[in-house]
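Novice: The structure under discussion is supplied below as structure tokens; questions concerning it will follow.
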Amino acid sequence: MLRFSTAGESHGEALVAVLSGVPAGLKIDSAFIDRELWRRQQGYGRGGRMKIERDTAHILSGVRHGASIGSPIALTIENRDWKNWQEALPVGAGDPEKHKAVNSPRPGHADLAGALKYNFKEARYVLERASARESAARVAGGAIAKLLLRGLGIEVLSHVLAVGGAAVRDAEIPWEKVRSLHSREEVLLNCADPEAEERMKAEVDNALKTGDSVGGVFEVVAHGVPPGLGTYANWDERLDALLAAAVMSLQAVKAVEIGSGVGAAASPGSAVHDEIAYARAQSDGRYTGFTRRTNHACGIEGGMSNGEDILVRGYLKPISTLRRPLESVDFRTRETVKAAYERSDVCVVPAAGVGGEAMVALTLARCALEKFGGDSVGEVLRNFEGYREQLRRF
Ligand SMILES: Cc1cc2nc3c(=O)[nH]c(=O)nc-3n(C[C@H](O)[C@H](O)[C@H](O)COP(=O)(O)O)c2cc1C
């Protein structure tokens, strides 16, 4: 079973990711992992921190001579800002005078609920772990999952559909357009529609000007997924449920939609369900001759992939750290004060999309290994090819 966990705090020494269950013999492309980390750091509206950090993954275990060896893969991502925080956040007792307390919890952040829960008198430790800096570790783990999926012909990418009130006019973006975004060396808002991207940029500019923040919507697309990942057999094995939980677990994601899910609730069945056709000659590396004219289900029916592209949308609330802070209460005096402000992003929708890709890739890799499981990549591929042949002959 593929298992994934992270450790590390926002201003601690490093982030840690542990991925176990990766079959032996998977070629690990470190440059690809670092490129994914770079993608997470991009986007118009990011805070100053992104300028001082260029994340790279340092693999400690589970990979030898360039390939996985079947044992847990552990990696670290150094926090370059640690040098400025060693005295504020020492592992040892340190000097209490040098600690950087967060005394006025930010509405919308984890500060207040976390301090109450863990019985901290201020919120520093809470935000250190609640912070989305953690998502860098997910992106590194997700990159390894992507390498595994690539061997099965599956690619996972994302693009941005909306920032604040600015949205793409046509939400149906072809896969080739999404893929072409990926090769860009400069990422503005990772939107496939240049006109909409300009409007999105204006939303961010407005937030920057007014000391506010903006949320938005990203869409993760998984291309080349064979039918049959996930199952209707048990509630906790349904692919849609697993993907929803995985994407919702990202910081600031407050709603997840599988394709046209929300709109479908208000539409007649005849306009929602994807008619089935059959083409005798299989094309485009498809798994079966069964085809759909539309993909409103967005690749999942009955908790299983159906062979079409899987589309998962994440809806992000606006960042809660505001340069023009909202009202809060001081932990010490209980007086009304302005909420704490610490260098912060204003818009993170493209970066969250990269985090969403990682979560979708980890989920699909887990389901793929459950279906085609094996201890080596060769064994997985044999099982996969056997299934592909079964589909061909169906
Ligand atoms: C990529 C990314 C970067 C983020 N950067 C910030 C930030 O700079 N400042 C901030 O207040 N929140 C930021 N957030 C959101 C917070 O981490 C999140 O709102 C907070 O942990 C509370 O969790 P919740 O919004 O899921 O309830 C970011 C989220 C993501 C996905």
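In the structure tokens, chains take letters A, B, ... by order of appearance, with residues numbered from 1 within each chain and ligands from 1 in the order shown.
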List every residue of range 71-224 of chain A that DSSP, applied to the backbone of this structure, assigns to strand (DSSP E), and report them as an mmCIF file with C-alpha atoms, in the first residue's frame.
Specialist:
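out_28.cif was written with the following content:
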```cif
data_model
loop_
_atom_site.group_PDB
_atom_site.id
_atom_site.type_symbol
_atom_site.label_atom_id
_atom_site.label_comp_id
_atom_site.auth_asym_id
_atom_site.auth_seq_id
_atom_site.Cartn_x
_atom_site.Cartn_y
_atom_site.Cartn_z
ATOM 1 C CA ILE A 73 11.646 6.934 0.475
ATOM 2 C CA ALA A 74 12.515 9.758 2.863
ATOM 3 C CA LEU A 75 13.435 13.209 1.635
ATOM 4 C CA THR A 76 13.980 16.638 3.086
ATOM 5 C CA ILE A 77 13.470 20.126 1.725
ATOM 6 C CA GLU A 78 15.620 22.658 3.491
ATOM 7 C CA GLU A 155 -0.237 12.439 -16.518
ATOM 8 C CA VAL A 156 -1.544 14.857 -13.898
ATOM 9 C CA LEU A 157 -1.480 18.640 -14.375
ATOM 10 C CA SER A 158 -3.483 21.679 -13.316
ATOM 11 C CA HIS A 159 -4.609 25.079 -14.486
ATOM 12 C CA VAL A 160 -6.457 27.994 -12.968
ATOM 13 C CA LEU A 161 -10.117 28.650 -13.717
ATOM 14 C CA ALA A 162 -10.741 31.685 -11.520
ATOM 15 C CA VAL A 163 -9.051 34.232 -9.277
ATOM 16 C CA ALA A 166 -12.215 36.843 -12.730
ATOM 17 C CA ALA A 167 -12.945 33.504 -14.392
ATOM 18 C CA GLY A 216 -10.023 31.242 -6.641
ATOM 19 C CA VAL A 217 -10.480 27.914 -8.377
ATOM 20 C CA PHE A 218 -7.926 25.495 -9.797
ATOM 21 C CA GLU A 219 -8.621 22.391 -11.813
ATOM 22 C CA VAL A 220 -6.488 19.263 -11.744
ATOM 23 C CA VAL A 221 -6.667 17.087 -14.851
ATOM 24 C CA ALA A 222 -5.565 13.450 -14.867
ATOM 25 C CA HIS A 223 -5.076 12.237 -18.430
#
```
Novice: Could I get the residue neighbourhood of ligand 1 at 6 Å, counting only C-alpha atoms and all ligand atoms, as a list of chain:residue names?
Specialist: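 Those residues are A:His109, A:Ala110, A:Ala130, A:Ser131, A:Ala132, A:Leu250, A:Gln251, A:Ala252, A:Val253, A:Ile319, A:Ser320, A:Thr321, A:Ser344, A:Asp345, A:Val348, A:Ala351, A:Ala352.
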Novice: Include N, CA, C and O atoms and write out the residues we just selected as a compact mmCIF listing (two decimals), in the first residue's frame.
Specialist:
```
# COMPACT_ATOMS: atom_id res chain seq x y z
N HIS A 109 -7.36 31.74 9.92
CA HIS A 109 -6.18 30.86 10.02
C HIS A 109 -6.42 29.86 11.17
O HIS A 109 -7.44 29.91 11.86
N ALA A 110 -5.45 28.98 11.40
CA ALA A 110 -5.62 27.94 12.42
C ALA A 110 -5.32 28.47 13.82
O ALA A 110 -5.48 27.73 14.81
N ALA A 130 0.50 24.54 10.65
CA ALA A 130 -0.71 24.68 9.82
C ALA A 130 -0.35 25.33 8.47
O ALA A 130 -1.06 25.14 7.48
N SER A 131 0.74 26.08 8.45
CA SER A 131 1.14 26.80 7.24
C SER A 131 1.26 25.88 6.03
O SER A 131 1.67 24.72 6.14
N ALA A 132 0.93 26.44 4.87
CA ALA A 132 1.00 25.66 3.62
C ALA A 132 2.42 25.47 3.13
O ALA A 132 2.64 24.88 2.06
N LEU A 250 -5.80 20.03 1.36
CA LEU A 250 -4.84 21.12 1.12
C LEU A 250 -5.29 22.37 1.86
O LEU A 250 -6.49 22.72 1.85
N GLN A 251 -4.33 23.09 2.41
CA GLN A 251 -4.61 24.32 3.14
C GLN A 251 -5.41 25.29 2.26
O GLN A 251 -5.07 25.49 1.09
N ALA A 252 -6.46 25.84 2.83
CA ALA A 252 -7.32 26.87 2.21
C ALA A 252 -8.32 26.35 1.18
O ALA A 252 -9.12 27.13 0.68
N VAL A 253 -8.28 25.06 0.85
CA VAL A 253 -9.30 24.53 -0.06
C VAL A 253 -10.58 24.31 0.74
O VAL A 253 -10.58 23.61 1.75
N ILE A 319 -6.55 34.09 1.20
CA ILE A 319 -5.54 33.98 2.26
C ILE A 319 -6.00 34.79 3.48
O ILE A 319 -6.55 35.89 3.34
N SER A 320 -5.75 34.25 4.68
CA SER A 320 -6.28 34.92 5.88
C SER A 320 -5.33 35.94 6.50
O SER A 320 -5.74 36.74 7.33
N THR A 321 -4.04 35.93 6.11
CA THR A 321 -3.12 36.95 6.63
C THR A 321 -3.28 38.20 5.78
O THR A 321 -2.97 38.17 4.58
N SER A 344 3.38 37.52 3.82
CA SER A 344 2.38 36.55 3.39
C SER A 344 2.10 36.64 1.90
O SER A 344 2.33 37.67 1.25
N ASP A 345 1.55 35.55 1.37
CA ASP A 345 1.06 35.57 0.00
C ASP A 345 -0.26 36.32 -0.05
O ASP A 345 -0.98 36.43 0.95
N VAL A 348 -2.66 32.51 -4.05
CA VAL A 348 -1.87 31.27 -4.18
C VAL A 348 -2.55 30.23 -5.07
O VAL A 348 -2.24 29.05 -4.99
N ALA A 351 -0.26 27.95 -7.22
CA ALA A 351 0.55 27.08 -6.35
C ALA A 351 -0.32 25.99 -5.72
O ALA A 351 0.08 24.82 -5.62
N ALA A 352 -1.53 26.38 -5.31
CA ALA A 352 -2.44 25.38 -4.74
C ALA A 352 -2.79 24.32 -5.79
O ALA A 352 -2.94 23.13 -5.46
```
Novice: So that I can check the surroundings of Leu362 in chain A, please list as a list in words every protein, DNA and RNA residue that reaches within 10 Å of it, counting only C-alpha atoms and ignoring chain neighbours fewer than 4 positions away.
Specialist: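 Non-adjacent residues within range: Leu2, Arg3, Phe4, Leu19, Arg138, Val139, Gly141, Gly142, Ala143, Ile144, Ala145, Lys146, Leu148, Leu149, Leu243, Ala246, Gly356, Glu357, Ala358, Arg366, Cys367 and Ala368 of chain A.
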Novice: With distances taken over only C-alpha atoms, which residue among A:Ile310, A:Leu147, A:Glu198, A:Asp55 lies nearest Pro23 in chain A?
Specialist: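 Smallest distance to Pro23 in chain A is found for A:Leu147.
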Novice: Go through A:Ala233, A:Val256, A:Ala67, A:Ala7 and flag the residue nearest Glu134 in chain A, using only C-alpha atoms for the distances.
Specialist: A:Ala7
Novice: Interatomic distance between CA of Arg332 in chain A and CA of Asp212 in chain A?
Specialist: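 The value is 26.6 Å.
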Novice: Could you tell me, as a VMD selection string, which residues of range 133-233 of chain A DSSP assigns to helix (DSSP H, G or I) when given the backbone?
Specialist: chain A and resid 133 to 150 175 to 182 194 to 210
Novice: Determine, using only C-alpha atoms, which residues of range 335-367 of chain A have any atom at most 12 Å from an atom of range 92-101 of chain A, and tabulate each with its shortest atom pair and distance in Å to one decimal place, rows ordered by chain and then rising number, as CSV.
Specialist:
```
residue,atom,partner,partner_atom,distance
A:Ala340,CA,A:Ala101,CA,10.0
A:Tyr341,CA,A:Ala101,CA,11.8
A:Glu342,CA,A:Lys100,CA,10.9
```
Novice: Would you output that residue set with N, CA, C and O atoms, as a PDB file, in the first residue's frame?
Specialist:
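And here is the file that came out, result-v9.pdb:
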```pdb
ATOM      1  N   ALA A 340      -2.623  39.480  13.746  1.00  0.00           N
ATOM      2  CA  ALA A 340      -1.185  39.473  13.450  1.00  0.00           C
ATOM      3  C   ALA A 340      -0.947  39.526  11.945  1.00  0.00           C
ATOM      4  O   ALA A 340      -1.744  39.005  11.153  1.00  0.00           O
ATOM      5  N   TYR A 341       0.159  40.160  11.547  1.00  0.00           N
ATOM      6  CA  TYR A 341       0.571  40.126  10.146  1.00  0.00           C
ATOM      7  C   TYR A 341       2.014  39.661  10.066  1.00  0.00           C
ATOM      8  O   TYR A 341       2.871  40.149  10.778  1.00  0.00           O
ATOM      9  N   GLU A 342       2.259  38.694   9.221  1.00  0.00           N
ATOM     10  CA  GLU A 342       3.608  38.218   8.965  1.00  0.00           C
ATOM     11  C   GLU A 342       3.711  38.073   7.453  1.00  0.00           C
ATOM     12  O   GLU A 342       2.721  37.669   6.828  1.00  0.00           O
TER      13      GLU A 342
END
```
Novice: Out of A:Ala115, A:Val247, A:Val168, A:Ile173, which residue has the shortest atom-to-atom distance to Pro194 in chain A when counting only C-alpha atoms?
Specialist: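 So, comparing all the options, the nearest one is A:Val168.
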Novice: For Ile154 in chain A, which residue among A:Asn84, A:Leu311, A:Ile258, A:Ala365 is the nearest when counting only C-alpha atoms?
Specialist: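 Smallest distance to Ile154 in chain A is found for A:Ala365.
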